[in-house]
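> Have a peek at run-v7.pdb (PDB, N, CA and C atoms).
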```pdb
ATOM      1  N   MET F  94      -1.803   1.570  20.292  1.00  0.00           N
ATOM      2  CA  MET F  94      -0.909   1.613  19.153  1.00  0.00           C
ATOM      3  C   MET F  94      -1.606   2.224  17.937  1.00  0.00           C
ATOM      4  N   GLU F  95      -0.813   2.803  17.113  1.00  0.00           N
ATOM      5  CA  GLU F  95      -1.320   3.469  15.919  1.00  0.00           C
ATOM      6  C   GLU F  95      -1.321   2.501  14.742  1.00  0.00           C
ATOM      7  N   THR F  96      -2.446   2.444  14.026  1.00  0.00           N
ATOM      8  CA  THR F  96      -2.479   1.616  12.830  1.00  0.00           C
ATOM      9  C   THR F  96      -1.977   2.442  11.649  1.00  0.00           C
ATOM     10  N   LYS F  97      -1.307   1.795  10.745  1.00  0.00           N
ATOM     11  CA  LYS F  97      -0.770   2.465   9.557  1.00  0.00           C
ATOM     12  C   LYS F  97      -1.612   2.072   8.362  1.00  0.00           C
ATOM     13  N   ARG F  98      -1.446   2.795   7.274  1.00  0.00           N
ATOM     14  CA  ARG F  98      -2.161   2.500   6.043  1.00  0.00           C
ATOM     15  C   ARG F  98      -1.175   2.009   4.993  1.00  0.00           C
ATOM     16  N   CYS F  99      -1.616   1.065   4.203  1.00  0.00           N
ATOM     17  CA  CYS F  99      -0.782   0.510   3.140  1.00  0.00           C
ATOM     18  C   CYS F  99      -0.509   1.588   2.097  1.00  0.00           C
ATOM     19  N   SER F 100       0.729   1.686   1.657  1.00  0.00           N
ATOM     20  CA  SER F 100       1.116   2.694   0.677  1.00  0.00           C
ATOM     21  C   SER F 100       0.547   2.399  -0.708  1.00  0.00           C
ATOM     22  N   PHE F 101       0.157   1.162  -0.969  1.00  0.00           N
ATOM     23  CA  PHE F 101      -0.379   0.824  -2.283  1.00  0.00           C
ATOM     24  C   PHE F 101      -1.906   0.781  -2.278  1.00  0.00           C
ATOM     25  N   CYS F 102      -2.497  -0.066  -1.459  1.00  0.00           N
ATOM     26  CA  CYS F 102      -3.951  -0.249  -1.545  1.00  0.00           C
ATOM     27  C   CYS F 102      -4.734   0.654  -0.601  1.00  0.00           C
ATOM     28  N   GLY F 103      -4.112   1.169   0.444  1.00  0.00           N
ATOM     29  CA  GLY F 103      -4.794   2.078   1.353  1.00  0.00           C
ATOM     30  C   GLY F 103      -5.488   1.410   2.514  1.00  0.00           C
ATOM     31  N   SER F 104      -5.405   0.104   2.649  1.00  0.00           N
ATOM     32  CA  SER F 104      -6.056  -0.573   3.767  1.00  0.00           C
ATOM     33  C   SER F 104      -5.249  -0.390   5.045  1.00  0.00           C
ATOM     34  N   GLU F 105      -5.906  -0.596   6.192  1.00  0.00           N
ATOM     35  CA  GLU F 105      -5.230  -0.447   7.477  1.00  0.00           C
ATOM     36  C   GLU F 105      -4.364  -1.667   7.752  1.00  0.00           C
ATOM     37  N   ILE F 106      -3.213  -1.418   8.364  1.00  0.00           N
ATOM     38  CA  ILE F 106      -2.281  -2.485   8.731  1.00  0.00           C
ATOM     39  C   ILE F 106      -2.254  -2.555  10.244  1.00  0.00           C
ATOM     40  N   GLY F 107      -2.544  -3.704  10.793  1.00  0.00           N
ATOM     41  CA  GLY F 107      -2.538  -3.877  12.237  1.00  0.00           C
ATOM     42  C   GLY F 107      -1.130  -3.880  12.802  1.00  0.00           C
ATOM     43  N   TYR F 108      -1.041  -3.695  14.112  1.00  0.00           N
ATOM     44  CA  TYR F 108       0.251  -3.677  14.790  1.00  0.00           C
ATOM     45  C   TYR F 108       0.937  -5.034  14.643  1.00  0.00           C
ATOM     46  N   GLY F 109       2.196  -5.028  14.193  1.00  0.00           N
ATOM     47  CA  GLY F 109       2.963  -6.257  14.032  1.00  0.00           C
ATOM     48  C   GLY F 109       2.733  -6.965  12.713  1.00  0.00           C
ATOM     49  N   LYS F 110       1.998  -6.371  11.813  1.00  0.00           N
ATOM     50  CA  LYS F 110       1.698  -6.985  10.520  1.00  0.00           C
ATOM     51  C   LYS F 110       2.320  -6.161   9.401  1.00  0.00           C
ATOM     52  N   GLY F 111       2.414  -6.744   8.215  1.00  0.00           N
ATOM     53  CA  GLY F 111       2.912  -6.028   7.048  1.00  0.00           C
ATOM     54  C   GLY F 111       4.422  -5.910   7.028  1.00  0.00           C
ATOM     55  N   SER F 112       4.904  -5.087   6.100  1.00  0.00           N
ATOM     56  CA  SER F 112       6.338  -4.866   5.962  1.00  0.00           C
ATOM     57  C   SER F 112       6.605  -3.406   5.635  1.00  0.00           C
ATOM     58  N   ILE F 113       7.824  -2.967   5.933  1.00  0.00           N
ATOM     59  CA  ILE F 113       8.230  -1.586   5.706  1.00  0.00           C
ATOM     60  C   ILE F 113       9.376  -1.591   4.706  1.00  0.00           C
ATOM     61  N   PHE F 114       9.318  -0.658   3.757  1.00  0.00           N
ATOM     62  CA  PHE F 114      10.386  -0.488   2.780  1.00  0.00           C
ATOM     63  C   PHE F 114      10.838   0.963   2.842  1.00  0.00           C
ATOM     64  N   VAL F 115      12.145   1.179   3.002  1.00  0.00           N
ATOM     65  CA  VAL F 115      12.689   2.533   3.068  1.00  0.00           C
ATOM     66  C   VAL F 115      13.503   2.783   1.812  1.00  0.00           C
ATOM     67  N   LYS F 116      13.129   3.818   1.064  1.00  0.00           N
ATOM     68  CA  LYS F 116      13.853   4.180  -0.156  1.00  0.00           C
ATOM     69  C   LYS F 116      15.157   4.884   0.194  1.00  0.00           C
ATOM     70  N   VAL F 117      16.027   5.059  -0.785  1.00  0.00           N
ATOM     71  CA  VAL F 117      17.313   5.710  -0.603  1.00  0.00           C
ATOM     72  C   VAL F 117      17.134   7.170  -0.168  1.00  0.00           C
ATOM     73  N   ASP F 118      16.064   7.814  -0.657  1.00  0.00           N
ATOM     74  CA  ASP F 118      15.829   9.209  -0.295  1.00  0.00           C
ATOM     75  C   ASP F 118      15.168   9.371   1.078  1.00  0.00           C
ATOM     76  N   GLY F 119      14.896   8.286   1.777  1.00  0.00           N
ATOM     77  CA  GLY F 119      14.337   8.346   3.118  1.00  0.00           C
ATOM     78  C   GLY F 119      12.835   8.172   3.187  1.00  0.00           C
ATOM     79  N   THR F 120      12.165   8.002   2.048  1.00  0.00           N
ATOM     80  CA  THR F 120      10.727   7.797   2.027  1.00  0.00           C
ATOM     81  C   THR F 120      10.392   6.420   2.585  1.00  0.00           C
ATOM     82  N   ILE F 121       9.419   6.357   3.479  1.00  0.00           N
ATOM     83  CA  ILE F 121       9.007   5.096   4.085  1.00  0.00           C
ATOM     84  C   ILE F 121       7.721   4.624   3.428  1.00  0.00           C
ATOM     85  N   LEU F 122       7.723   3.385   2.950  1.00  0.00           N
ATOM     86  CA  LEU F 122       6.543   2.778   2.344  1.00  0.00           C
ATOM     87  C   LEU F 122       6.108   1.596   3.198  1.00  0.00           C
ATOM     88  N   ASN F 123       4.842   1.569   3.594  1.00  0.00           N
ATOM     89  CA  ASN F 123       4.273   0.468   4.364  1.00  0.00           C
ATOM     90  C   ASN F 123       3.418  -0.378   3.442  1.00  0.00           C
ATOM     91  N   PHE F 124       3.593  -1.699   3.486  1.00  0.00           N
ATOM     92  CA  PHE F 124       2.805  -2.613   2.670  1.00  0.00           C
ATOM     93  C   PHE F 124       2.124  -3.632   3.562  1.00  0.00           C
ATOM     94  N   CYS F 125       0.847  -3.918   3.250  1.00  0.00           N
ATOM     95  CA  CYS F 125       0.093  -4.871   4.059  1.00  0.00           C
ATOM     96  C   CYS F 125       0.382  -6.315   3.645  1.00  0.00           C
ATOM     97  N   SER F 126       0.788  -6.527   2.388  1.00  0.00           N
ATOM     98  CA  SER F 126       1.017  -7.884   1.899  1.00  0.00           C
ATOM     99  C   SER F 126       2.048  -7.880   0.777  1.00  0.00           C
ATOM    100  N   SER F 127       2.483  -9.069   0.413  1.00  0.00           N
ATOM    101  CA  SER F 127       3.427  -9.182  -0.693  1.00  0.00           C
ATOM    102  C   SER F 127       2.738  -8.844  -2.011  1.00  0.00           C
ATOM    103  N   LYS F 128       1.430  -9.013  -2.080  1.00  0.00           N
ATOM    104  CA  LYS F 128       0.668  -8.640  -3.268  1.00  0.00           C
ATOM    105  C   LYS F 128       0.806  -7.146  -3.538  1.00  0.00           C
ATOM    106  N   CYS F 129       0.677  -6.330  -2.496  1.00  0.00           N
ATOM    107  CA  CYS F 129       0.810  -4.876  -2.649  1.00  0.00           C
ATOM    108  C   CYS F 129       2.257  -4.495  -2.953  1.00  0.00           C
ATOM    109  N   ARG F 130       3.208  -5.133  -2.275  1.00  0.00           N
ATOM    110  CA  ARG F 130       4.627  -4.834  -2.505  1.00  0.00           C
ATOM    111  C   ARG F 130       5.030  -5.159  -3.942  1.00  0.00           C
ATOM    112  N   ASN F 131       4.612  -6.305  -4.445  1.00  0.00           N
ATOM    113  CA  ASN F 131       4.957  -6.707  -5.807  1.00  0.00           C
ATOM    114  C   ASN F 131       4.301  -5.805  -6.851  1.00  0.00           C
ATOM    115  N   ASN F 132       3.054  -5.401  -6.624  1.00  0.00           N
ATOM    116  CA  ASN F 132       2.382  -4.498  -7.558  1.00  0.00           C
ATOM    117  C   ASN F 132       3.071  -3.146  -7.587  1.00  0.00           C
ATOM    118  N   HIS F 133       3.549  -2.676  -6.447  1.00  0.00           N
ATOM    119  CA  HIS F 133       4.278  -1.411  -6.406  1.00  0.00           C
ATOM    120  C   HIS F 133       5.609  -1.536  -7.147  1.00  0.00           C
ATOM    121  N   ASN F 134       6.308  -2.650  -6.945  1.00  0.00           N
ATOM    122  CA  ASN F 134       7.587  -2.870  -7.618  1.00  0.00           C
ATOM    123  C   ASN F 134       7.426  -2.992  -9.130  1.00  0.00           C
ATOM    124  N   LEU F 135       6.276  -3.473  -9.583  1.00  0.00           N
ATOM    125  CA  LEU F 135       6.008  -3.577 -11.016  1.00  0.00           C
ATOM    126  C   LEU F 135       5.640  -2.238 -11.630  1.00  0.00           C
ATOM    127  N   GLY F 136       5.451  -1.219 -10.805  1.00  0.00           N
ATOM    128  CA  GLY F 136       5.155   0.113 -11.305  1.00  0.00           C
ATOM    129  C   GLY F 136       3.686   0.363 -11.580  1.00  0.00           C
ATOM    130  N   ARG F 137       2.822  -0.464 -11.015  1.00  0.00           N
ATOM    131  CA  ARG F 137       1.390  -0.277 -11.238  1.00  0.00           C
ATOM    132  C   ARG F 137       0.876   0.912 -10.434  1.00  0.00           C
ATOM    133  N   ILE F 138      -0.120   1.589 -10.964  1.00  0.00           N
ATOM    134  CA  ILE F 138      -0.695   2.767 -10.328  1.00  0.00           C
ATOM    135  C   ILE F 138      -1.938   2.322  -9.553  1.00  0.00           C
ATOM    136  N   PRO F 139      -2.000   2.605  -8.238  1.00  0.00           N
ATOM    137  CA  PRO F 139      -3.119   2.110  -7.415  1.00  0.00           C
ATOM    138  C   PRO F 139      -4.501   2.520  -7.914  1.00  0.00           C
ATOM    139  N   ARG F 140      -4.657   3.694  -8.471  1.00  0.00           N
ATOM    140  CA  ARG F 140      -5.990   4.118  -8.907  1.00  0.00           C
ATOM    141  C   ARG F 140      -6.449   3.406 -10.172  1.00  0.00           C
ATOM    142  N   ARG F 141      -5.576   2.609 -10.797  1.00  0.00           N
ATOM    143  CA  ARG F 141      -5.961   1.823 -11.973  1.00  0.00           C
ATOM    144  C   ARG F 141      -6.152   0.340 -11.652  1.00  0.00           C
ATOM    145  N   VAL F 142      -5.889  -0.059 -10.416  1.00  0.00           N
ATOM    146  CA  VAL F 142      -6.045  -1.451  -9.997  1.00  0.00           C
ATOM    147  C   VAL F 142      -7.368  -1.571  -9.252  1.00  0.00           C
ATOM    148  N   ARG F 143      -8.258  -2.449  -9.708  1.00  0.00           N
ATOM    149  CA  ARG F 143      -9.638  -2.467  -9.245  1.00  0.00           C
ATOM    150  C   ARG F 143      -9.842  -2.813  -7.777  1.00  0.00           C
ATOM    151  N   TRP F 144      -8.959  -3.537  -7.131  1.00  0.00           N
ATOM    152  CA  TRP F 144      -9.199  -3.958  -5.752  1.00  0.00           C
ATOM    153  C   TRP F 144      -8.657  -2.982  -4.714  1.00  0.00           C
ATOM    154  N   THR F 145      -8.049  -1.883  -5.124  1.00  0.00           N
ATOM    155  CA  THR F 145      -7.525  -0.912  -4.166  1.00  0.00           C
ATOM    156  C   THR F 145      -8.613   0.058  -3.722  1.00  0.00           C
ATOM    157  N   GLU F 146      -8.435   0.646  -2.541  1.00  0.00           N
ATOM    158  CA  GLU F 146      -9.427   1.576  -2.007  1.00  0.00           C
ATOM    159  C   GLU F 146      -9.494   2.862  -2.821  1.00  0.00           C
ATOM    160  N   THR F 147      -8.383   3.286  -3.401  1.00  0.00           N
ATOM    161  CA  THR F 147      -8.405   4.512  -4.220  1.00  0.00           C
ATOM    162  C   THR F 147      -9.227   4.307  -5.480  1.00  0.00           C
ATOM    163  N   TRP F 148      -9.179   3.122  -6.095  1.00  0.00           N
ATOM    164  CA  TRP F 148     -10.002   2.845  -7.270  1.00  0.00           C
ATOM    165  C   TRP F 148     -11.473   2.808  -6.887  1.00  0.00           C
ATOM    166  N   ILE F 149     -11.775   2.183  -5.758  1.00  0.00           N
ATOM    167  CA  ILE F 149     -13.161   2.067  -5.309  1.00  0.00           C
ATOM    168  C   ILE F 149     -13.743   3.451  -5.025  1.00  0.00           C
ATOM    169  N   GLU F 150     -12.990   4.319  -4.365  1.00  0.00           N
ATOM    170  CA  GLU F 150     -13.467   5.668  -4.070  1.00  0.00           C
ATOM    171  C   GLU F 150     -13.664   6.483  -5.345  1.00  0.00           C
ATOM    172  N   LYS F 151     -12.773   6.318  -6.296  1.00  0.00           N
ATOM    173  CA  LYS F 151     -12.839   7.066  -7.544  1.00  0.00           C
ATOM    174  C   LYS F 151     -14.014   6.649  -8.409  1.00  0.00           C
ATOM    175  N   ASN F 152     -14.363   5.369  -8.400  1.00  0.00           N
ATOM    176  CA  ASN F 152     -15.364   4.827  -9.313  1.00  0.00           C
ATOM    177  C   ASN F 152     -16.673   4.440  -8.624  1.00  0.00           C
ATOM    178  N   ARG F 153     -17.019   5.078  -7.535  1.00  0.00           N
ATOM    179  CA  ARG F 153     -18.277   4.755  -6.867  1.00  0.00           C
ATOM    180  C   ARG F 153     -19.457   5.184  -7.635  1.00  0.00           C
TER     181      ARG F 153
END
```
Is it possible to express this structure as structure tokens?

Amino acid sequence: METKRCSFCGSEIGYGKGSIFVKVDGTILNFCSSKCRNNHNLGRIPRRVRWTETWIEKNR
């Protein structure tokens, strides 16, 4: 099985885990946890949130 990556934090999501959100325009968003889903709904930018992989890569 193929592992997916979280649309917010970038971590890998195992098979049968996480949740999927489909926008009206057909874009599919995968979330590993409700923490990532809620941060996305609040409009937060992943590269400005310290615990995401994009922030860690940017600020190494």
> Do a neighbour search on Thr96 (chain F) at 6 Å with all atoms listed in the file, toss out local chain neighbours closer than 2 positions, and write the hits as number ranges by chain.
F: 94, 98, 106-108
> Residues of chain F classed as strand (DSSP E) by DSSP on the backbone are to be reported as an mmCIF file with N, CA and C atoms, keeping the file's coordinate frame.

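The resulting file, states29.cif, is shown below:
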```cif
data_model
loop_
_atom_site.group_PDB
_atom_site.id
_atom_site.type_symbol
_atom_site.label_atom_id
_atom_site.label_comp_id
_atom_site.auth_asym_id
_atom_site.auth_seq_id
_atom_site.Cartn_x
_atom_site.Cartn_y
_atom_site.Cartn_z
ATOM 1 N N LYS F 97 -1.307 1.795 10.745
ATOM 2 C CA LYS F 97 -0.770 2.465 9.557
ATOM 3 C C LYS F 97 -1.612 2.072 8.362
ATOM 4 N N ARG F 98 -1.446 2.795 7.274
ATOM 5 C CA ARG F 98 -2.161 2.500 6.043
ATOM 6 C C ARG F 98 -1.175 2.009 4.993
ATOM 7 N N GLU F 105 -5.906 -0.596 6.192
ATOM 8 C CA GLU F 105 -5.230 -0.447 7.477
ATOM 9 C C GLU F 105 -4.364 -1.667 7.752
ATOM 10 N N ILE F 106 -3.213 -1.418 8.364
ATOM 11 C CA ILE F 106 -2.281 -2.485 8.731
ATOM 12 C C ILE F 106 -2.254 -2.555 10.244
ATOM 13 N N SER F 112 4.904 -5.087 6.100
ATOM 14 C CA SER F 112 6.338 -4.866 5.962
ATOM 15 C C SER F 112 6.605 -3.406 5.635
ATOM 16 N N ILE F 113 7.824 -2.967 5.933
ATOM 17 C CA ILE F 113 8.230 -1.586 5.706
ATOM 18 C C ILE F 113 9.376 -1.591 4.706
ATOM 19 N N PHE F 114 9.318 -0.658 3.757
ATOM 20 C CA PHE F 114 10.386 -0.488 2.780
ATOM 21 C C PHE F 114 10.838 0.963 2.842
ATOM 22 N N VAL F 115 12.145 1.179 3.002
ATOM 23 C CA VAL F 115 12.689 2.533 3.068
ATOM 24 C C VAL F 115 13.503 2.783 1.812
ATOM 25 N N ILE F 121 9.419 6.357 3.479
ATOM 26 C CA ILE F 121 9.007 5.096 4.085
ATOM 27 C C ILE F 121 7.721 4.624 3.428
ATOM 28 N N LEU F 122 7.723 3.385 2.950
ATOM 29 C CA LEU F 122 6.543 2.778 2.344
ATOM 30 C C LEU F 122 6.108 1.596 3.198
ATOM 31 N N ASN F 123 4.842 1.569 3.594
ATOM 32 C CA ASN F 123 4.273 0.468 4.364
ATOM 33 C C ASN F 123 3.418 -0.378 3.442
ATOM 34 N N PHE F 124 3.593 -1.699 3.486
ATOM 35 C CA PHE F 124 2.805 -2.613 2.670
ATOM 36 C C PHE F 124 2.124 -3.632 3.562
#
```
> Apply the PyMOL selection byres (((chain F and resi 140 and name CA) around 10) and name CA) to the displayed file and report the matching residues as a PyMOL selection string.
chain F and resi 101-102+137-139+141-152
> Report, in Å to a single decimal, how far apart atom N of Lys110 (chain F) and CA of Asn134 (chain F) are.
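One can read the CA of Asn134 (chain F) to atom N of Lys110 (chain F) distance as 20.5 Å.
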> Going by the chain IDs and residue numbers used in this file, which residues fall under the PyMOL selection byres (((chain F and resi 114 and name CA) around 12) and name CA)? Write them as a list in words.
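So the PyMOL selection byres (((chain F and resi 114 and name CA) around 12) and name CA), applied here, picks out Cys99, Ser100, Phe101, Gly111, Ser112, Ile113, Val115, Lys116, Val117, Asp118, Gly119, Thr120, Ile121, Leu122, Asn123, Phe124, Cys125, Ser126, Ser127, Cys129, Arg130, Asn131, His133 and Asn134 of chain F.
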> When DSSP is applied to the backbone of this structure, which of chain F are assigned helix (DSSP H, G or I)? Write them out as number ranges by chain.
F: 127-134, 139-141, 146-151
> Atom N of Arg153 (chain F) and atom C of Glu95 (chain F) are how many Å apart?
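If I compute the distance from atom N of Arg153 (chain F) to atom C of Glu95 (chain F), I get 27.4 Å.
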> For region 132-149 of chain F, what centre and edge lengths in Å (one decimal) does the axis-aligned box get once 8 Å is added on each side of all its listed atoms, as lines of an AutoDock Vina configuration file?

```
center_x = -3.1
center_y = -0.4
center_z = -7.0
size_x = 37.3
size_y = 25.9
size_z = 26.0
```
> In Å to one decimal, how far is atom C of Lys128 (chain F) from atom C of Gly103 (chain F)?
12.2 Å
